[in-house]
Structures are given as C-alpha cells and as structure tokens.
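Contents: one structure, followed by commentary.
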Amino acid sequence: MTDKEQKRVKVAIAGATGYTGAELVKLIVGHPNAELVAVTSRSYGGEPLDNIFPSLRNIVSIKCEEMQPENLFGRIDCIFLALPHKVSMEYAPIFLKQDIKVIDLSADFRFKNLLAYEETYQKHSAPELLQKSVYGLSEIYKNEITGNSKKEGASLIGNPGCYPTSFLLPTIPLIREGALNRQGIVSDSKSGVSGAGRSLALTSHYCEVTESFKPYKVGSHRHVPEMEEVLNQHAGLSSNSSNSEDKINITFVPHLLPMSRGMLTTIYAQLSENIKDNAYETILNIFKRYYSDNFFIRLLPKGKFPDTAHVRGTNFCDIGFWIDDKSKRIVIVSAIDNILKGASGQAVQNMNLMFGMDETTGLKLIPGSI
Ligand SMILES: NC(=O)c1ccc[n+]([C@@H]2O[C@H](COP(=O)([O-])OP(=O)(O)OC[C@H]3O[C@@H](n4cnc5c(N)ncnc54)[C@H](OP(=O)(O)O)[C@@H]3O)[C@@H](O)[C@H]2O)c1
C-alpha cells in the first residue's frame, strides 16, 4: 500500500507532557499516515502543548485535554499511554472496549506472569489482559503484532522497557539458537538521565549527575524480571517453571550516564559447547538470519562497536560483538536511544505494524550527532 492509499490513523497521546509523550508528539506530527487528534495531561489541561515544550512552537498548535476517555471515543483509532505504571492499567480496558488500539509504554502489559508483575510492581487491576497483550519488541514479535501469525493482530501492546530492548535484541537470537550458556549472563548497562522521566527527583538533578558516573539499583532493578521472563520464554521455559535448573537468571547492573539520552549495554556470556570452530562467523550468521531484513537493527562490521552518538535521535539498535577465543566468552555491545528505540520510536514502529504500514513509516530518522 502506498502512503497515499493508507488511511490516516487517528491518534491520541496520554501523558504528552512527559519525555516519551513529547517524543511521540514529534513522531506523530511528522508521520505521513497518522494524525494527532488529542493529547492529554492531568496537570496542564487546556494549555497549548507548545507552552510546555517551546521547541514545538509553529509546529504543533494542539492544546492539552484532561484525560476523559469518553471524550476521545469516536475520535481516535489508537492511543499511546505514555503514563506511569499502575495508571495505564486503569485506562487500557476502557479504550479496548471501544475497539481503540492501545500501545502502553509502561510496564503494565509487558508480563505474561501475573505473579512476577505483582511482585515487581503492584496488584494488577486488569490481569485478564496480560494474555491478550503482545510484547512490543517489534523485530521479534512482528507476526503477533501484525496478525500474520495464526492469531489476530494485536490490539494491545506492552511496549518494552529501554534496558530490556537493548539487552533482548542481541540475546534472544543467540538463546533461541542454543549459542549461549544459559548461566552466567551479565548485562552491564548505561542510560542517559531521561530514562528516569521528567518529574523532579534528587538523583536526576544536574549537580548530582554531571561529571559523575555511577551504578544504581544493583540487584534490584525492575527490568530484571521483565528481561528474564522474555528470555526464558525464548529458551523454551515457561515463566512458571521457577525450579528448573536451566532457568536463565541474569546479572544486571544499570548505570546513570551524565547525558540526557542514549543507552549502551555490554553483555558478557559464555558460548555454549555447540559453538566450536568459526565461532565469530557462526554467531554473525545467527544475527544475520534474524536481523538482515530489519531496517532498525544495524549489525556492525567486525572490530566495530556501537556508540550512543550514532543512534541518538533515531530508532536504530546498533550491535557489535567480539569473541575471546581463549575463554570462549562473547562480549556483545548494543546502543539505542532510550526514548526512541527504547520507548516512543518502537511504539510508533508497533503502531505501523498494527495498522498494516511499513514499519519504517515516519521513522527514517537520521542521527543528530556527527
Ligand atoms: N523515559 C524513558 O526512557 C522510558 C523508556 C521506556 C519506557 N518508559 C516508560 O514510559 C512511561 C512514561 O515515561 P516518561 O519517561 O515519559 O515519564 P514522565 O516524563 O515522568 O512522563 C509521564 C507523564 O505521565 C503523566 N502522569 C503522571 N502521573 C499521572 C497520573 N497519576 N495520572 C495520569 N497521568 C499521569 C504526567 O503528565 P501530566 O502530569 O501532565 O498528566 C507525565 O508527564 C513510563 O511508564 C516509563 O516507565 C520510559
């Protein structure tokens, strides 16, 4: 279907005054087949969005509406919930009942295992939707999102977290193909400060962050159960088989980088015994099989490694790797823009897939840095 033949998708963005919401506004306004119909805000009802984000002057003239779902019925085909967890789960069922597709950027619909969600976050008010939602890691779940698999296409997307996106895109193919030892996988991740959202917090004050580099939430970050649930599913282990010796438990150490956006993840793992000679080519071939046809995954040439500047302002995930032949360890590095491929860019990619468009529509962004 050409851009002209495609019906314009009518879109609302809830939480448009936050970082991921504002990024969604920019993407939808620049999208050839989508129309921004409404933006909602709890704190800025009635206020023009360009008062809140002056960078949008002369580009976006829309005013924020109070979040009243009934006021959106009949006006939109799709809503992005760029809201904190717990808030999204209250709204998603209301829109789904009206046949409005929902793309939720919070953690509320990322889990299949209710217990894992509730242990990590809080009691779920719409647990029946967990089995209906599709995990929005676009390249991996494309068939489920579009409906090309036996099932109907997705009407509810649990858009992945930024750390999980940067970790799972490189590891899922290798786990599926039995190329990694399931034990001892380490993810050493670094995020720009926008990963914490726009609301004020001491830990993200300029003076606390600049000229500084530190780990945080070591051993207790909320993204660990999400990454483990998804990776275990791809290893063929159900999320309930917690006693299995094969179960993957990852060691995850997140760090805060003194920059506004960007994420670099370094993964250390032992190659499995299946990988013998030509380890580099074997791994490269696995990555190529999964990702050669995927515009947003860029496999870097041998000896080259990702740089956050090369993906900044884009929906790309760059991946490079090195194998230590002596120890048979693999070191994989991935880089994404946490607000784009890690959140809003991937959310729009999912919208494109849900509405039968080319996944790159409106997303061929060029990195802003040199
Ligand atoms: N930042 C990232 O890199 C990133 C990456 C992946 C996923 N996410 C997820 O995406 C979601 C949004 O993140 P963000 O970084 O954009 O957060 P944010 O900058 O803090 O924005 C969240 C927005 O939600 C609205 N909001 C807050 N509490 C609300 C409530 N109780 N009821 C209704 N609206 C409320 C606020 O707008 P008003 O007060 O104007 O309503 C706020 O601007 C979160 O669930 C986050 O975990 C973020």
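Order determines the names: the first chain of the structure tokens is A, the second B, and so forth; residues in each chain are numbered 1 upward, and ligands are numbered 1 upward as they are shown.
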
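Contact shell of Lys304 of chain A at 10 Å (only C-alpha atoms; same-chain neighbours under 6 positions omitted): Ile319, Gly320, Phe321, Trp322 and Val333 of chain A.
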
Find the spatial neighbours of segment 204-209 of chain A, counting only C-alpha atoms, within a cut-off of 8 Å - ignore same-chain residues fewer than 6 positions away - and output them as a tab-separated table (two decimals) with C-alpha atoms, in the first residue's frame.
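Writing the result to around_10.tsv gives the following:
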```
chain	number	residue	atom	x	y	z
A	193	VAL	CA	19.14	10.60	32.58
A	196	ALA	CA	14.08	8.35	34.68
A	256	LEU	CA	23.46	6.52	35.09
A	257	LEU	CA	25.41	8.41	32.44
A	258	PRO	CA	25.85	12.19	32.61
```

### In segment 199-291 of chain A, DSSP strand (DSSP E or B) residues written as a PyMOL selection string
chain A and resi 214-215+251-256+263-271

Handout entry: Nearby residues, ligand 1, 6 Å, only C-alpha atoms and all ligand atoms, as JSON, numbers by chain
Key = {"A": [15, 17, 18, 19, 20, 21, 41, 42, 43, 44, 82, 83, 84, 85, 87, 105, 106, 161, 162, 194, 195, 196, 197, 198, 199, 338, 339, 342, 343]}

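Among A:Lys132, A:Lys328, A:Arg57, A:Lys247, the residue with the shortest atom-to-atom distance to Ile175 of chain A, counting only C-alpha atoms, is A:Lys247.
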
Do you know which residues are at most 10 Å from Ala235 of chain A counting only C-alpha atoms, after dropping those on the same chain fewer than 4 positions away, and could you put them as a ChimeraX atom specification? /A:172-178,182,229-231,246-248

Shortest contact to Asp188 of chain A, candidates A:Tyr135, A:Tyr163, A:Tyr91, A:Phe295, atoms counted only C-alpha atoms, goes to A:Tyr163

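Using only C-alpha atoms, the residues found no farther than 7 Å from segment 350-363 of chain A, other than those of its own chain fewer than 3 positions away, are A:Leu27, A:Gly30, A:His31, A:Pro32, A:Gly136, A:Ser138, A:Ile145, A:Thr146, A:Gly153, A:Ala154, A:Asn315, A:Gln346, A:Ala347.
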
Keeping only C-alpha atoms, write the selected residues to a file as a tab-separated table (two decimals), in the first residue's frame.
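Resulting contents of out_37.tsv:
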```tsv
chain	number	residue	atom	x	y	z
A	27	LEU	CA	6.90	11.45	15.65
A	30	GLY	CA	5.87	14.10	11.25
A	31	HIS	CA	4.16	10.82	10.29
A	32	PRO	CA	2.66	10.73	6.77
A	136	GLY	CA	6.18	-4.92	21.65
A	138	SER	CA	8.94	-5.21	17.20
A	145	ILE	CA	1.76	-7.63	16.21
A	146	THR	CA	0.68	-7.64	12.57
A	153	GLY	CA	-3.20	-8.87	15.08
A	154	ALA	CA	-2.51	-7.14	18.36
A	315	ASN	CA	15.03	4.22	16.13
A	346	GLN	CA	9.47	1.46	18.97
A	347	ALA	CA	5.90	2.36	19.98
```

Q) Contacts of Leu156 of chain A at 6 Å or less, counting only C-alpha atoms, minus same-chain residues fewer than 5 places along, as an NGL selection string? A) :A and (102-103 or 133)

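Minimum distance to Ser334 of chain A across A:Ile79, A:Leu237, A:Ile28, A:Leu168 (counting only C-alpha atoms) occurs at A:Leu168.
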
Practice item. Find the residues around Gly192 of chain A up to 6 Å (only C-alpha atoms counted), leave out those fewer than 6 positions away in its own chain, and share them as a PyMOL selection string. Key: chain A and resi 257+259-262

Across A:Ser272, A:Gln68, A:Ser189, A:Asn181, the smallest distance to Thr165 of chain A, with only C-alpha atoms counted, is shown by A:Ser189
